[in-house]
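Pasting protein.cif here (mmCIF, C-alpha atoms):
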```
data_model
loop_
_atom_site.group_PDB
_atom_site.id
_atom_site.type_symbol
_atom_site.label_atom_id
_atom_site.label_comp_id
_atom_site.auth_asym_id
_atom_site.auth_seq_id
_atom_site.Cartn_x
_atom_site.Cartn_y
_atom_site.Cartn_z
ATOM 1 C CA MET A 1 -33.600 -1.243 39.622
ATOM 2 C CA ALA A 2 -34.855 -1.111 36.023
ATOM 3 C CA ILE A 3 -34.585 2.312 34.440
ATOM 4 C CA THR A 4 -36.157 3.237 31.120
ATOM 5 C CA TYR A 5 -34.861 6.106 29.005
ATOM 6 C CA LYS A 6 -36.614 8.053 26.274
ATOM 7 C CA TRP A 7 -36.044 11.026 23.991
ATOM 8 C CA VAL A 8 -38.543 13.866 23.821
ATOM 9 C CA ILE A 9 -38.063 16.106 20.801
ATOM 10 C CA SER A 10 -39.104 19.617 21.850
ATOM 11 C CA GLY A 11 -38.538 21.320 18.504
ATOM 12 C CA LEU A 12 -36.602 21.428 15.269
ATOM 13 C CA GLN A 13 -34.965 24.677 14.156
ATOM 14 C CA ALA A 14 -34.872 24.814 10.354
ATOM 15 C CA LYS A 15 -33.502 26.999 7.601
ATOM 16 C CA ILE A 16 -36.362 27.789 5.200
ATOM 17 C CA GLN A 17 -34.220 27.446 2.073
ATOM 18 C CA GLU A 18 -30.679 26.124 1.541
ATOM 19 C CA GLY A 19 -29.865 25.867 -2.148
ATOM 20 C CA GLU A 20 -32.457 23.561 -3.667
ATOM 21 C CA LEU A 21 -33.459 22.154 -0.273
ATOM 22 C CA SER A 22 -36.231 23.533 1.911
ATOM 23 C CA ASN A 23 -36.876 23.255 5.652
ATOM 24 C CA VAL A 24 -33.335 22.111 6.387
ATOM 25 C CA ILE A 25 -33.036 21.126 10.060
ATOM 26 C CA GLU A 26 -30.149 23.030 11.672
ATOM 27 C CA SER A 27 -30.680 22.149 15.333
ATOM 28 C CA VAL A 28 -32.711 19.855 17.547
ATOM 29 C CA HIS A 29 -34.088 20.897 20.940
ATOM 30 C CA TRP A 30 -34.381 17.785 23.081
ATOM 31 C CA ARG A 31 -35.064 16.285 26.477
ATOM 32 C CA TYR A 32 -33.760 12.919 27.628
ATOM 33 C CA GLN A 33 -35.829 11.327 30.384
ATOM 34 C CA ALA A 34 -35.319 8.412 32.743
ATOM 35 C CA GLU A 35 -37.946 6.658 34.840
ATOM 36 C CA ASP A 36 -37.259 4.081 37.517
ATOM 37 C CA ALA A 37 -39.457 1.175 38.626
ATOM 38 C CA ASP A 38 -40.993 3.364 41.373
ATOM 39 C CA GLY A 39 -42.200 5.964 38.856
ATOM 40 C CA ASN A 40 -39.558 8.570 39.722
ATOM 41 C CA VAL A 41 -38.632 10.687 36.692
ATOM 42 C CA ALA A 42 -35.485 12.676 35.946
ATOM 43 C CA ASP A 43 -34.608 14.567 32.807
ATOM 44 C CA VAL A 44 -31.988 16.665 31.121
ATOM 45 C CA TYR A 45 -32.457 19.008 28.190
ATOM 46 C CA GLY A 46 -30.464 20.809 25.571
ATOM 47 C CA SER A 47 -30.044 21.499 21.904
ATOM 48 C CA VAL A 48 -27.610 20.214 19.343
ATOM 49 C CA GLY A 49 -26.542 21.774 16.060
ATOM 50 C CA LEU A 50 -26.415 19.784 12.854
ATOM 51 C CA GLU A 51 -24.211 20.048 9.794
ATOM 52 C CA SER A 52 -25.660 20.941 6.401
ATOM 53 C CA PRO A 53 -27.127 17.796 4.858
ATOM 54 C CA ASN A 54 -25.839 15.979 1.817
ATOM 55 C CA PRO A 55 -28.407 16.781 -0.916
ATOM 56 C CA GLU A 56 -28.130 13.164 -2.120
ATOM 57 C CA SER A 57 -29.359 11.741 1.201
ATOM 58 C CA PHE A 58 -31.564 14.650 2.361
ATOM 59 C CA VAL A 59 -34.823 13.575 4.008
ATOM 60 C CA PRO A 60 -37.619 16.162 3.646
ATOM 61 C CA HIS A 61 -39.132 17.368 6.926
ATOM 62 C CA GLU A 62 -42.503 15.775 6.189
ATOM 63 C CA GLU A 63 -40.784 12.367 5.857
ATOM 64 C CA LEU A 64 -38.636 12.607 8.999
ATOM 65 C CA THR A 65 -39.403 10.145 11.767
ATOM 66 C CA LYS A 66 -38.677 10.349 15.464
ATOM 67 C CA ALA A 67 -36.198 7.502 14.937
ATOM 68 C CA ASP A 68 -34.305 9.629 12.365
ATOM 69 C CA VAL A 69 -33.966 12.521 14.808
ATOM 70 C CA GLU A 70 -33.035 10.222 17.707
ATOM 71 C CA ALA A 71 -30.266 8.731 15.528
ATOM 72 C CA TRP A 72 -28.892 12.254 14.923
ATOM 73 C CA LEU A 73 -28.896 12.922 18.673
ATOM 74 C CA GLU A 74 -27.246 9.615 19.532
ATOM 75 C CA ALA A 75 -24.532 10.283 16.954
ATOM 76 C CA LYS A 76 -23.779 13.753 18.399
ATOM 77 C CA LEU A 77 -24.248 13.270 22.170
ATOM 78 C CA ASP A 78 -22.582 11.093 24.813
ATOM 79 C CA VAL A 79 -25.678 9.059 25.686
ATOM 80 C CA GLU A 80 -23.850 6.944 28.264
ATOM 81 C CA SER A 81 -22.860 10.088 30.161
ATOM 82 C CA LEU A 82 -26.434 11.415 29.971
ATOM 83 C CA GLN A 83 -27.713 8.135 31.404
ATOM 84 C CA GLN A 84 -25.182 8.244 34.246
ATOM 85 C CA GLY A 85 -26.324 11.754 35.141
ATOM 86 C CA LEU A 86 -29.972 10.733 35.047
ATOM 87 C CA ASP A 87 -29.228 7.676 37.170
ATOM 88 C CA ALA A 88 -27.621 9.971 39.758
ATOM 89 C CA GLN A 89 -30.690 12.250 39.733
ATOM 90 C CA LEU A 90 -32.970 9.243 40.277
ATOM 91 C CA ASP A 91 -30.772 8.041 43.137
ATOM 92 C CA LYS A 92 -31.109 11.453 44.820
ATOM 93 C CA ILE A 93 -34.879 11.304 44.421
ATOM 94 C CA ALA A 94 -35.026 7.789 45.899
ATOM 95 C CA ASN A 95 -32.507 8.575 48.660
ATOM 96 C CA PRO A 96 -32.847 12.270 49.541
ATOM 97 C CA THR A 97 -30.260 13.963 51.723
ATOM 98 C CA HIS A 98 -32.063 17.335 52.006
ATOM 99 C CA ILE A 99 -35.630 18.504 52.506
ATOM 100 C CA THR A 100 -37.434 21.856 52.427
ATOM 101 C CA LEU A 101 -39.123 22.849 55.683
ATOM 102 C CA ASN A 102 -41.704 25.532 56.277
ATOM 103 C CA LEU A 103 -41.618 27.862 59.249
ATOM 104 C CA VAL A 104 -44.221 26.595 61.717
ATOM 105 C CA SER A 105 -45.261 29.921 63.289
#
```
Entire entry expressed as structure tokens:
Amino acid sequence: MAITYKWVISGLQAKIQEGELSNVIESVHWRYQAEDADGNVADVYGSVGLESPNPESFVPHEELTKADVEAWLEAKLDVESLQQGLDAQLDKIANPTHITLNLVS
């Protein structure tokens, strides 16, 4: 079963001023989603803190790309473990072991 994964960046928490730098990203709020071939979707969410940037390689907020932020996340998080968890969620959706029933009368 083919599963596709994608990052959704929910928000960037930034320090307004840090030395000469402005809008310094301190944390990323994220979701990681998986979708199987049947259209079932599972996701996990969280936030990750970042170290203060090197002023020499600082990228201003207005120049940041989604790929930049995804690279930060992939460097800080265990993506393989996230994928395994999402795969397990998708398996439970495709092969449920429990259901919710309503009282008939």
query = Rounded to one decimal in Å, what is the spacing between CA of Asn40 in chain A and CA of Glu80 in chain A?
reply = 19.5 Å
Selection result of the PyMOL selection byres ((chain A and resi 29-34) around 7) on this file, as a compact mmCIF listing (two decimals) with C-alpha atoms, in the frame of the given file:
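Result file result_19.txt:
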```
# COMPACT_ATOMS: atom_id res chain seq x y z
CA ILE A 3 -34.58 2.31 34.44
CA THR A 4 -36.16 3.24 31.12
CA TYR A 5 -34.86 6.11 29.00
CA LYS A 6 -36.61 8.05 26.27
CA TRP A 7 -36.04 11.03 23.99
CA VAL A 8 -38.54 13.87 23.82
CA ILE A 9 -38.06 16.11 20.80
CA SER A 10 -39.10 19.62 21.85
CA GLY A 11 -38.54 21.32 18.50
CA LEU A 12 -36.60 21.43 15.27
CA SER A 27 -30.68 22.15 15.33
CA VAL A 28 -32.71 19.86 17.55
CA GLU A 35 -37.95 6.66 34.84
CA ASP A 36 -37.26 4.08 37.52
CA VAL A 41 -38.63 10.69 36.69
CA ALA A 42 -35.48 12.68 35.95
CA ASP A 43 -34.61 14.57 32.81
CA VAL A 44 -31.99 16.66 31.12
CA TYR A 45 -32.46 19.01 28.19
CA GLY A 46 -30.46 20.81 25.57
CA SER A 47 -30.04 21.50 21.90
CA VAL A 48 -27.61 20.21 19.34
CA LEU A 86 -29.97 10.73 35.05
```
message = What does the structure give for the distance between CA of Asp38 in chain A and CA of Asp91 in chain A, in Å to one decimal?
response =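 Interatomic distance here is 11.4 Å.
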Enclose all atoms of range 43-47 of chain A listed in the file in an axis-aligned box, grow every side by 8 Å, and hand back centre and edge lengths in Å to one decimal, as AutoDock Vina command-line options.
```
--center_x -32.3 --center_y 18.0 --center_z 27.4 --size_x 20.6 --size_y 22.9 --size_z 26.9
```
task = In Å, rounded to a single decimal, give me how far CA of Leu50 in chain A is from CA of Leu73 in chain A.
result =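 Atom-to-atom, CA of Leu73 in chain A to CA of Leu50 in chain A, that is 9.3 Å.
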If you apply the PyMOL selection byres ((chain A and resi 53) around 10) to this file, what residues do you get, as a PDB file with C-alpha atoms, in the frame of the given file?
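Contents of the output file part-v8.pdb:
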```
ATOM      1  CA  GLU A  18     -30.679  26.124   1.541  1.00  0.00           C
ATOM      2  CA  LEU A  21     -33.459  22.154  -0.273  1.00  0.00           C
ATOM      3  CA  VAL A  24     -33.335  22.111   6.387  1.00  0.00           C
ATOM      4  CA  ILE A  25     -33.036  21.126  10.060  1.00  0.00           C
ATOM      5  CA  GLU A  26     -30.149  23.030  11.672  1.00  0.00           C
ATOM      6  CA  LEU A  50     -26.415  19.784  12.854  1.00  0.00           C
ATOM      7  CA  GLU A  51     -24.211  20.048   9.794  1.00  0.00           C
ATOM      8  CA  SER A  52     -25.660  20.941   6.401  1.00  0.00           C
ATOM      9  CA  ASN A  54     -25.839  15.979   1.817  1.00  0.00           C
ATOM     10  CA  PRO A  55     -28.407  16.781  -0.916  1.00  0.00           C
ATOM     11  CA  GLU A  56     -28.130  13.164  -2.120  1.00  0.00           C
ATOM     12  CA  SER A  57     -29.359  11.741   1.201  1.00  0.00           C
ATOM     13  CA  PHE A  58     -31.564  14.650   2.361  1.00  0.00           C
ATOM     14  CA  VAL A  59     -34.823  13.575   4.008  1.00  0.00           C
TER      15      VAL A  59
END
```
message = Using all atoms listed in the file for the distances, tell me which of A:Asp87, A:Ala37, A:Lys66, A:Leu82 is nearest to Ala2 in chain A.
response = A:Ala37
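If all atoms listed in the file are the atoms counted, then among A:Gln84, A:Gln89, A:Pro60, A:Asp78 the closest residue to Gln17 in chain A is A:Pro60.
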